[in-house]
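Asker: Here you go, work.cif (mmCIF, C-alpha atoms):
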data_final
loop_
_atom_site.label_atom_id
_atom_site.label_comp_id
_atom_site.auth_asym_id
_atom_site.auth_seq_id
_atom_site.Cartn_x
_atom_site.Cartn_y
_atom_site.Cartn_z
CA MET A 1 -12.64 -11.90 -12.76
CA ARG A 2 -10.55 -12.52 -15.86
CA PHE A 3 -7.37 -14.57 -16.24
CA THR A 4 -5.12 -15.55 -19.11
CA GLN A 5 -3.87 -19.13 -18.93
CA PHE A 6 -0.34 -20.14 -19.86
CA ALA A 7 1.12 -23.63 -20.01
CA ALA A 8 4.36 -23.83 -18.04
CA LEU A 9 6.77 -26.59 -17.08
CA ALA A 10 8.40 -27.13 -13.72
CA ALA A 11 10.83 -30.03 -13.46
CA GLY A 12 8.92 -31.95 -16.09
CA SER A 13 5.50 -31.45 -14.47
CA SER A 14 2.68 -29.62 -16.20
CA VAL A 15 1.48 -26.66 -14.15
CA LEU A 16 -0.94 -23.83 -14.67
CA LEU A 17 0.28 -20.26 -14.50
CA LEU A 18 -2.49 -17.72 -13.98
CA LEU A 19 -1.86 -14.11 -14.86
CA PRO A 20 -4.46 -11.35 -14.72
CA SER A 21 -5.73 -10.29 -18.13
CA VAL A 22 -5.25 -6.55 -18.54
CA ALA A 23 -7.46 -4.65 -20.92
CA ALA A 24 -5.54 -2.07 -22.91
CA GLY A 25 -5.53 1.16 -21.01
CA ALA A 26 -7.69 -0.17 -18.16
CA ASP A 27 -7.11 1.77 -14.95
CA ALA A 28 -3.95 3.28 -16.45
CA ILE A 29 -2.75 6.64 -15.18
CA PRO A 30 -1.81 9.01 -18.01
CA GLY A 31 1.92 9.50 -18.18
CA GLU A 32 2.71 6.40 -16.09
CA SER A 33 3.74 2.95 -17.25
CA ARG A 34 1.93 -0.03 -15.78
CA ALA A 35 3.96 -2.10 -13.35
CA ALA A 36 4.65 -5.68 -14.40
CA PRO A 37 1.75 -7.86 -13.22
CA GLY A 38 2.28 -10.76 -10.90
CA GLY A 39 0.48 -14.08 -10.94
CA VAL A 40 -0.07 -17.42 -9.27
CA THR A 41 1.42 -20.78 -10.23
CA ALA A 42 -0.66 -23.74 -9.01
CA LEU A 43 1.17 -27.05 -8.47
CA PRO A 44 -0.91 -30.14 -7.56
CA LEU A 45 0.27 -32.30 -4.66
CA THR A 46 0.57 -36.04 -5.16
CA GLU A 47 -0.39 -38.86 -2.81
CA SER A 48 2.34 -40.29 -0.62
CA ARG A 49 0.87 -43.14 1.43
CA ARG A 50 2.53 -43.78 4.77
CA SER A 51 3.88 -47.27 5.21
CA GLY A 52 1.46 -49.26 7.34
CA GLY A 53 -0.84 -46.27 7.70
CA PRO A 54 -4.64 -46.30 7.30
CA ALA A 55 -6.03 -46.11 3.77
CA ASP A 56 -7.60 -42.72 4.45
CA GLY A 57 -4.46 -41.31 6.05
CA ALA A 58 -2.43 -40.82 2.89
CA ASP A 59 -0.17 -37.78 2.92
CA ARG A 60 0.36 -35.38 0.02
CA THR A 61 3.70 -34.09 -1.18
CA LEU A 62 5.39 -31.95 -3.77
CA ASP A 63 8.96 -33.10 -4.31
CA SER A 64 11.72 -30.50 -4.39
CA GLN A 65 11.70 -28.86 -7.80
CA SER A 66 12.61 -25.73 -9.68
CA THR A 67 9.78 -23.30 -10.36
CA LYS A 68 8.93 -19.95 -11.81
CA SER A 69 9.91 -17.01 -9.59
CA PHE A 70 7.67 -16.46 -6.55
CA ALA A 71 7.85 -14.73 -3.17
CA LEU A 72 4.83 -15.98 -1.20
CA LEU A 73 3.22 -19.40 -1.04
CA GLY A 74 0.44 -21.37 0.56
CA VAL A 75 -1.59 -24.55 0.06
CA SER A 76 -5.22 -24.61 -1.06
CA TRP A 77 -7.96 -27.22 -1.61
CA ASP A 78 -11.27 -27.50 -3.45
CA ASP A 79 -13.90 -27.13 -0.71
CA PRO A 80 -13.78 -23.78 1.16
CA THR A 81 -15.75 -25.29 4.06
CA ALA A 82 -13.45 -28.31 4.51
CA GLN A 83 -10.98 -28.38 7.37
CA LEU A 84 -7.47 -29.72 6.91
CA ASP A 85 -6.83 -32.01 9.86
CA GLY A 86 -3.07 -32.29 9.89
CA THR A 87 0.08 -30.30 9.25
CA VAL A 88 1.43 -28.47 6.21
CA GLN A 89 5.14 -27.76 5.84
CA VAL A 90 7.06 -26.05 3.06
CA ARG A 91 10.64 -25.26 2.21
CA THR A 92 11.90 -23.00 -0.54
CA ARG A 93 15.05 -22.23 -2.50
CA SER A 94 16.36 -18.68 -2.46
CA ALA A 95 16.73 -17.13 -5.90
CA ALA A 96 19.60 -15.02 -4.58
CA THR A 97 21.75 -17.70 -2.89
CA GLY A 98 20.45 -20.97 -4.32
CA ARG A 99 20.16 -22.37 -0.80
CA TRP A 100 17.20 -24.31 0.50
CA SER A 101 15.47 -23.14 3.67
CA GLY A 102 14.47 -25.36 6.55
CA TRP A 103 10.90 -26.61 6.85
CA HIS A 104 8.28 -24.00 7.79
CA ASP A 105 4.83 -24.78 9.20
CA LEU A 106 1.81 -23.15 7.53
CA ASP A 107 -1.22 -22.20 9.63
CA VAL A 108 -4.09 -24.46 8.51
CA GLU A 109 -6.88 -22.48 10.20
CA ALA A 110 -9.54 -21.39 7.69
CA ASP A 111 -10.57 -18.30 9.66
CA ASP A 112 -9.88 -15.29 7.43
CA ARG A 113 -12.68 -15.66 4.91
CA PRO A 114 -16.06 -14.37 3.73
CA ASP A 115 -19.21 -15.13 5.68
CA GLU A 116 -20.62 -17.07 2.72
CA PRO A 117 -18.44 -19.98 1.51
CA THR A 118 -16.79 -19.15 -1.79
CA GLY A 119 -13.74 -20.11 -3.81
CA ARG A 120 -11.23 -22.52 -2.25
CA GLY A 121 -10.05 -23.39 1.24
CA SER A 122 -6.47 -22.50 2.07
CA THR A 123 -3.72 -22.20 4.64
CA ALA A 124 -2.35 -18.85 5.69
CA PRO A 125 0.26 -17.72 3.16
CA LEU A 126 3.96 -17.41 3.96
CA TRP A 127 6.24 -14.64 2.67
CA VAL A 128 9.61 -16.12 1.71
CA GLY A 129 11.13 -13.49 -0.58
CA ALA A 130 12.42 -14.12 -4.11
CA SER A 131 12.48 -17.90 -4.59
CA ASN A 132 12.69 -20.36 -7.48
CA GLY A 133 12.30 -23.77 -5.89
CA VAL A 134 9.77 -25.42 -3.58
CA SER A 135 8.98 -28.59 -1.66
CA VAL A 136 5.74 -29.29 0.21
CA ARG A 137 4.57 -32.02 2.56
CA VAL A 138 1.07 -32.37 4.03
CA HIS A 139 0.70 -34.86 6.87
CA SER A 140 -2.75 -36.19 7.75
CA ALA A 141 -3.71 -36.57 11.40
CA GLY A 142 -5.68 -39.66 10.39
CA ARG A 143 -8.77 -38.19 8.77
CA PRO A 144 -9.03 -37.84 4.97
CA LEU A 145 -7.31 -34.76 3.61
CA PRO A 146 -9.36 -32.31 1.53
CA ALA A 147 -9.51 -33.00 -2.19
CA GLY A 148 -7.65 -30.91 -4.72
CA LEU A 149 -4.62 -30.01 -2.60
CA ARG A 150 -2.17 -27.83 -4.46
CA ALA A 151 0.67 -25.42 -3.75
CA GLU A 152 0.00 -21.78 -4.62
CA LEU A 153 3.17 -19.89 -5.60
CA VAL A 154 2.63 -16.13 -5.83
CA ASP A 155 4.78 -13.74 -7.85
CA PRO A 156 3.91 -10.20 -6.66
CA GLY A 157 5.22 -8.61 -9.87
CA SER A 158 6.82 -5.20 -9.77
CA GLY A 159 5.28 -2.09 -8.32
CA PRO A 160 5.97 1.25 -6.68
CA ALA A 161 8.45 1.52 -3.84
CA VAL A 162 6.80 2.47 -0.56
CA THR A 163 8.77 3.85 2.36
CA ALA A 164 7.76 5.15 5.76
CA GLY A 165 6.48 8.70 5.37
CA SER A 166 5.26 8.20 1.78
CA GLU A 167 1.63 7.80 2.79
CA SER A 168 -1.12 9.63 0.95
CA SER A 169 -3.03 11.96 3.29
CA ALA A 170 -6.32 11.74 1.40
CA ALA A 171 -8.05 9.83 -1.37
CA ALA A 172 -8.81 11.61 -4.63
CA SER A 173 -12.52 12.02 -3.92
CA GLU A 174 -14.41 11.36 -0.70
CA ARG A 175 -17.86 12.25 0.46
CA VAL A 176 -18.31 14.83 3.19
CA LEU A 177 -18.90 13.16 6.53
CA PRO A 178 -21.19 14.46 9.26
CA SER A 179 -19.36 16.00 12.19
CA VAL A 180 -18.90 13.84 15.27
CA ASP A 181 -17.96 14.62 18.85
CA HIS A 182 -14.86 12.45 18.99
CA PRO A 183 -13.18 12.09 15.62
CA GLY A 184 -9.74 10.56 15.49
CA PRO A 185 -7.13 12.40 13.41
CA ARG A 186 -6.77 10.96 9.94
CA PRO A 187 -3.47 9.11 9.58
CA GLY A 188 -1.48 8.85 6.37
CA ILE A 189 -2.68 5.89 4.33
CA VAL A 190 -0.95 4.33 1.32
CA THR A 191 -3.72 3.88 -1.23
CA ARG A 192 -4.14 0.83 -3.45
CA SER A 193 -2.41 2.58 -6.34
CA GLY A 194 0.41 3.38 -3.91
CA TRP A 195 1.15 -0.31 -3.28
CA GLY A 196 0.56 -1.29 -6.90
CA ALA A 197 -2.81 -3.05 -6.86
CA ASP A 198 -3.77 -4.29 -10.33
CA GLU A 199 -7.47 -3.38 -10.30
CA SER A 200 -8.23 -5.67 -13.26
CA VAL A 201 -7.64 -8.70 -11.02
CA ARG A 202 -10.43 -8.18 -8.49
CA GLU A 203 -14.19 -8.39 -9.01
CA PRO A 204 -15.65 -5.10 -10.29
CA GLY A 205 -17.79 -2.98 -8.02
CA PHE A 206 -17.91 -2.71 -4.24
CA VAL A 207 -20.04 -4.10 -1.42
CA TYR A 208 -20.89 -1.93 1.58
CA THR A 209 -22.32 -2.85 4.98
CA ASP A 210 -23.88 -1.03 7.91
CA PRO A 211 -21.67 1.68 9.51
CA VAL A 212 -18.52 0.34 11.15
CA LYS A 213 -18.93 -0.30 14.87
CA ALA A 214 -15.88 -2.47 15.56
CA VAL A 215 -12.32 -3.05 14.40
CA PHE A 216 -10.94 -6.59 14.43
CA VAL A 217 -7.16 -6.82 14.75
CA HIS A 218 -5.39 -9.61 12.85
CA HIS A 219 -1.91 -10.72 11.95
CA THR A 220 -1.15 -11.94 8.44
CA ASP A 221 0.91 -14.81 9.89
CA THR A 222 3.29 -14.45 6.94
CA ALA A 223 6.78 -13.65 8.33
CA ASN A 224 8.51 -11.04 10.49
CA ASN A 225 11.97 -10.79 8.94
CA TYR A 226 10.97 -8.58 6.02
CA SER A 227 12.24 -5.17 5.01
CA CYS A 228 9.62 -2.44 5.05
CA SER A 229 10.60 -1.71 1.45
CA ASP A 230 9.05 -5.14 0.70
CA SER A 231 5.70 -4.30 2.33
CA ALA A 232 4.01 -3.32 -0.94
CA ALA A 233 5.15 -6.57 -2.58
CA ILE A 234 3.88 -8.57 0.41
CA ILE A 235 0.47 -6.91 0.12
CA ARG A 236 0.36 -7.49 -3.65
CA SER A 237 1.13 -11.15 -2.94
CA ILE A 238 -1.61 -11.48 -0.30
CA TYR A 239 -3.98 -9.74 -2.73
CA LEU A 240 -3.24 -12.26 -5.49
CA TYR A 241 -3.43 -15.16 -3.02
CA HIS A 242 -6.84 -14.05 -1.75
CA VAL A 243 -8.25 -13.41 -5.25
CA GLN A 244 -6.56 -15.93 -7.57
CA SER A 245 -5.91 -18.79 -5.12
CA ASN A 246 -8.87 -18.44 -2.72
CA GLY A 247 -11.35 -17.08 -5.29
CA TRP A 248 -12.40 -14.04 -3.21
CA ARG A 249 -13.57 -10.79 -4.77
CA ASP A 250 -10.61 -8.79 -3.38
CA ILE A 251 -8.02 -8.83 -0.60
CA GLY A 252 -9.73 -9.77 2.66
CA TYR A 253 -8.44 -7.04 4.99
CA ASN A 254 -9.66 -3.45 5.00
CA PHE A 255 -6.29 -2.12 6.18
CA LEU A 256 -2.79 -3.47 6.74
CA VAL A 257 0.02 -2.08 8.91
CA ASP A 258 3.67 -3.00 8.45
CA ARG A 259 6.46 -3.23 11.03
CA CYS A 260 7.46 0.39 10.36
CA GLY A 261 3.95 1.61 11.17
CA THR A 262 2.96 2.42 7.58
CA ILE A 263 -0.79 2.02 7.03
CA PHE A 264 -2.08 0.59 3.73
CA GLU A 265 -5.55 0.61 2.20
CA GLY A 266 -6.74 -2.97 1.76
CA ARG A 267 -10.04 -3.90 0.11
CA ALA A 268 -11.19 -1.42 -2.53
CA GLY A 269 -14.23 0.79 -2.09
CA GLY A 270 -12.97 3.85 -0.21
CA VAL A 271 -11.13 4.08 3.09
CA ILE A 272 -13.90 6.06 4.78
CA GLU A 273 -16.66 3.71 3.60
CA PRO A 274 -17.97 0.63 5.45
CA VAL A 275 -16.52 -1.79 2.89
CA LEU A 276 -17.46 -5.45 3.38
CA GLY A 277 -14.26 -7.39 3.95
CA ALA A 278 -13.39 -11.09 4.32
CA HIS A 279 -11.41 -11.13 7.56
CA THR A 280 -13.57 -12.30 10.47
CA LEU A 281 -15.93 -15.16 9.65
CA GLY A 282 -19.41 -14.31 10.92
CA PHE A 283 -18.63 -10.68 11.69
CA ASN A 284 -17.53 -9.03 8.46
CA THR A 285 -20.61 -6.78 8.54
CA ALA A 286 -20.35 -3.43 10.40
CA SER A 287 -16.69 -4.07 11.13
CA SER A 288 -13.28 -3.28 9.69
CA GLY A 289 -10.34 -5.70 9.59
CA VAL A 290 -6.88 -4.31 10.37
CA ALA A 291 -4.03 -6.76 9.78
CA ALA A 292 -0.53 -6.40 11.23
CA ILE A 293 1.92 -7.76 8.65
CA GLY A 294 3.82 -10.49 10.47
CA SER A 295 3.32 -13.32 12.95
CA PHE A 296 2.92 -12.49 16.64
CA GLY A 297 2.38 -15.75 18.49
CA THR A 298 5.62 -15.30 20.43
CA ALA A 299 7.35 -12.37 18.73
CA SER A 300 6.28 -8.87 19.74
CA ALA A 301 4.86 -6.42 17.23
CA PRO A 302 7.22 -3.42 16.94
CA GLN A 303 6.05 -0.28 18.71
CA ALA A 304 5.73 1.54 15.38
CA GLN A 305 3.36 -1.17 14.16
CA GLN A 306 1.26 -0.94 17.31
CA ASP A 307 1.17 2.84 16.86
CA GLY A 308 -0.13 2.37 13.32
CA ILE A 309 -2.93 0.12 14.58
CA VAL A 310 -3.82 2.73 17.20
CA LYS A 311 -4.04 5.47 14.56
CA ILE A 312 -6.14 3.63 11.99
CA ALA A 313 -8.49 2.16 14.63
CA ALA A 314 -9.04 5.55 16.31
CA TRP A 315 -9.78 7.22 12.97
CA LYS A 316 -11.98 4.48 11.50
CA LEU A 317 -14.09 4.18 14.65
CA GLY A 318 -14.17 7.95 15.04
CA LEU A 319 -15.90 8.31 11.66
CA THR A 320 -19.04 6.94 13.32
CA ASP A 321 -18.25 8.31 16.80
CA GLN A 322 -17.56 4.87 18.24
CA ASP A 323 -15.58 4.93 21.49
CA ALA A 324 -12.29 3.13 20.81
CA ALA A 325 -12.26 2.01 24.46
CA GLY A 326 -15.92 1.01 24.50
CA SER A 327 -18.09 -1.93 23.51
CA THR A 328 -20.64 -2.63 20.81
CA THR A 329 -23.00 -5.37 19.64
CA LEU A 330 -22.68 -7.32 16.39
CA VAL A 331 -24.83 -10.13 15.01
CA SER A 332 -23.20 -13.37 13.85
CA ALA A 333 -23.71 -14.18 10.18
CA SER A 334 -22.22 -17.68 10.28
CA ASP A 335 -22.44 -20.81 12.40
CA GLY A 336 -18.74 -21.24 11.63
CA SER A 337 -17.84 -18.44 14.02
CA ARG A 338 -17.70 -18.77 17.81
CA TYR A 339 -21.40 -17.90 17.88
CA LYS A 340 -24.43 -19.43 16.16
CA LYS A 341 -25.77 -17.46 13.21
CA GLY A 342 -28.20 -14.77 14.35
CA THR A 343 -26.68 -14.44 17.84
CA SER A 344 -26.14 -10.91 19.14
CA VAL A 345 -22.67 -10.65 20.64
CA SER A 346 -21.02 -7.88 22.65
CA PHE A 347 -17.46 -7.05 21.56
CA LYS A 348 -14.91 -4.47 22.52
CA THR A 349 -14.89 -1.92 19.70
CA ILE A 350 -11.25 -2.92 19.18
CA SER A 351 -11.18 -6.70 19.40
CA GLY A 352 -8.88 -9.50 18.35
CA HIS A 353 -9.83 -11.98 15.67
CA ARG A 354 -9.83 -14.72 18.32
CA ASP A 355 -12.72 -12.99 20.10
CA ALA A 356 -14.98 -13.94 17.20
CA PHE A 357 -13.44 -17.18 15.93
CA ALA A 358 -11.59 -20.14 17.45
CA THR A 359 -8.14 -19.03 16.28
CA GLU A 360 -4.83 -17.84 17.72
CA CYS A 361 -4.98 -14.71 15.53
CA PRO A 362 -3.68 -12.03 16.06
CA GLY A 363 -1.16 -14.02 18.09
CA GLY A 364 -0.74 -14.04 21.84
CA THR A 365 1.71 -11.15 22.13
CA LEU A 366 -0.27 -8.74 19.95
CA TYR A 367 -3.55 -9.76 21.58
CA SER A 368 -2.04 -8.93 24.97
CA ARG A 369 -1.41 -5.36 23.74
CA LEU A 370 -5.02 -4.66 22.75
CA GLY A 371 -5.87 -3.07 26.11
CA ASP A 372 -3.13 -0.48 25.63
CA ILE A 373 -4.13 -0.01 21.98
CA ARG A 374 -7.72 0.73 23.06
CA THR A 375 -6.62 3.25 25.67
CA ARG A 376 -4.32 5.10 23.31
CA ALA A 377 -6.85 5.07 20.44
CA ALA A 378 -9.51 6.55 22.74
CA LYS A 379 -7.04 9.26 23.78
CA LEU A 380 -6.50 10.13 20.10
CA GLN A 381 -10.27 10.56 19.86
CA GLY A 382 -10.12 13.09 22.69
CA ARG A 383 -11.99 10.90 25.15
#
Would you give me this structure, written as structure tokens?

Answerer:
Amino acid sequence: MRFTQFAALAAGSSVLLLLPSVAAGADAIPGESRAAPGGVTALPLTESRRSGGPADGADRTLDSQSTKSFALLGVSWDDPTAQLDGTVQVRTRSAATGRWSGWHDLDVEADDRPDEPTGRGSTAPLWVGASNGVSVRVHSAGRPLPAGLRAELVDPGSGPAVTAGSESSAAASERVLPSVDHPGPRPGIVTRSGWGADESVREPGFVYTDPVKAVFVHHTDTANNYSCSDSAAIIRSIYLYHVQSNGWRDIGYNFLVDRCGTIFEGRAGGVIEPVLGAHTLGFNTASSGVAAIGSFGTASAPQAQQDGIVKIAAWKLGLTDQDAAGSTTLVSASDGSRYKKGTSVSFKTISGHRDAFATECPGGTLYSRLGDIRTRAAKLQGR
């Protein structure tokens, strides 16, 4: 991947602003102007030793300061296999009102990632809307914190407006699929160009796996109080976070569904293809990751969002005639999952992320709805 580096200043501190390099005319659509690209500002955290605390229990902080514009943030560290044993909290200043938010906890689980360690470790990102100030505090539980801790501030840039009902019904070119007994109807899907993906950011080419036999349901754990008109910007932000901050080849999820039920294409390579994602450690092969945009530990996913998950799961599984209410067997590709590498594991064809990894994802309330989602997806398949 290619980046252009710019020196920037934030409250007197030197920071690095990474913007994707765009080759002239690359991926441009004749007659259309390219949307303004976004980028990631990386701010290193400094040591803040607790009074009387152990030498290896030093905290890390980023004092309140003005920054370049951003709308999503997280915290990353050098080693993608390292676990952050502690808590991460952030607060931000609204660009619209100038007011500082309260402190928000970031999820420190390193569960959405490729099967092979790559790039950097990171927290889940948090969508905060247009902001221009940040403060971060990382509190150690007693064990050494990972090296290279830094705040990742993501500017999604500008892009097309996406509203419910604006989904594309088909990609420009798709191969003809063999007929199956129980296909699910194809739902409308907003393609990558529809949400403004800058294709020069990701790694070139695509990686495919065996045919999809299971769908893993996730939540992005970002925020729930967003407008659906912001969904495209949220996805652009997650895309930049996964690629520029984490060092992945592309966004991790194969599909995303917003609170209005709009379905978005995630990782590039074709919505009908078995594209290798980075969503369920150990079980990214022969599966598809569908992420509900929001956090559903206690809050309930809107019915429209659940309907969107039903539709995309029924269709994706129907492409290979997998029963949406059935079970299948996958083989673990990582000891970091719930199951030792090489272990054959039986999963529901529509499973939650927590079924494969020790995580709360997709949140307790959404996980409790998976039985109903399976039943309704199977009905869409005519079973």

Asker: Written as a PyMOL selection string, which residues does the PyMOL selection byres ((chain A and resi 126-131) around 9) give for the file shown?

Answerer: chain A and resi 67-74+92-96+98+104+106+124-125+132-134+155+220-224+226+230+234+237-238

Asker: Of the candidates A:Gly270, A:Gly352, A:Pro187, A:Gly297, which shows the shortest atom-to-atom distance to Lys311 (chain A), using all atoms listed in the file?

Answerer: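 For Lys311 (chain A), the nearest of the given residues is A:Pro187.
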
Asker: Taking into account all atoms listed in the file, which residue in the set A:Pro156, A:Gly382, A:Gly266, A:Gly39 is nearest to Gln322 (chain A)?

Answerer: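 Smallest separation from Gln322 (chain A) among the options: A:Gly382.
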
Asker: Please report the interatomic distance between CA of Arg354 (chain A) and CA of Gln306 (chain A) in Å with one decimal.

Answerer: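 Interatomic distance, CA of Arg354 (chain A) to CA of Gln306 (chain A): 17.7 Å.
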
Asker: Point out the residue among A:Asp321, A:Glu273, A:Asp307, A:Asp355 with the least atom-to-atom distance to Pro183 (chain A), counting all atoms listed in the file.

Answerer: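 Smallest separation from Pro183 (chain A) among the options: A:Asp321.
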
Asker: Using all atoms listed in the file for the distances, tell me which of A:Thr123, A:Thr329, A:Ser295, A:Ser101 is nearest to Val88 (chain A).

Answerer: A:Thr123

Asker: Between CA of Ser158 (chain A) and CA of Tyr241 (chain A), what is the distance in Å, rounded to a tenth?

Answerer: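 So the answer is 15.8 Å.
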
Asker: Mind pulling up the distance from CA of His218 (chain A) to CA of Arg249 (chain A)?

Answerer: 19.5 Å

Asker: As a check of understanding, name the residues that the PyMOL selection byres ((chain A and resi 120) around 12) selects in the supplied structure, as a PyMOL selection string.

Answerer: chain A and resi 75-83+110+113-114+116-119+121-123+146-150+152+241-248

Asker: With distances taken over all atoms listed in the file, which residue among A:Lys348, A:Arg202, A:Arg374, A:Arg60 lies nearest Gly269 (chain A)?

Answerer: A:Arg202

Asker: Applied to the shown file, which residues does the PyMOL selection byres ((chain A and resi 177) around 10) return, written as an NGL selection string?

Answerer: :A and (174-176 or 178-180 or 272 or 319-320)

Asker: List as a PDB file with C-alpha atoms, in the coordinates of the input the protein and nucleic acid residues near Thr349 (chain A), meaning an atom at most 8 Å away when all atoms listed in the file are counted, but skip any in the same chain fewer than 3 places from it.

Answerer:
ATOM      1  CA  LYS A 213     -18.930  -0.300  14.870  1.00  0.00           C
ATOM      2  CA  ALA A 214     -15.880  -2.470  15.560  1.00  0.00           C
ATOM      3  CA  VAL A 215     -12.320  -3.050  14.400  1.00  0.00           C
ATOM      4  CA  LEU A 317     -14.090   4.180  14.650  1.00  0.00           C
ATOM      5  CA  GLN A 322     -17.560   4.870  18.240  1.00  0.00           C
ATOM      6  CA  ASP A 323     -15.580   4.930  21.490  1.00  0.00           C
ATOM      7  CA  ALA A 324     -12.290   3.130  20.810  1.00  0.00           C
ATOM      8  CA  ALA A 325     -12.260   2.010  24.460  1.00  0.00           C
ATOM      9  CA  GLY A 326     -15.920   1.010  24.500  1.00  0.00           C
ATOM     10  CA  SER A 327     -18.090  -1.930  23.510  1.00  0.00           C
ATOM     11  CA  THR A 328     -20.640  -2.630  20.810  1.00  0.00           C
TER      12      THR A 328
END

Asker: What's the 12 Å shell around Asp63 (chain A), counting all atoms listed in the file, without same-chain residues fewer than 3 positions away, as a list in words?

Answerer: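 Counting only the stated atoms, we get Ala10, Ala11, Gly12, Ser13, Leu43, Pro44, Leu45, Thr46, Glu47, Ser48, Arg60, Ser66, Thr67, Val90, Arg91, Thr92, Gly133, Val134, Ser135, Val136, Arg137, Val138 and Ala151 of chain A.
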
Asker: Calculated over only C-alpha atoms, which of the candidates A:Gly282, A:Gly261, A:Gly159, A:Gly294 has the smallest distance to Ile189 (chain A)?

Answerer: A:Gly261
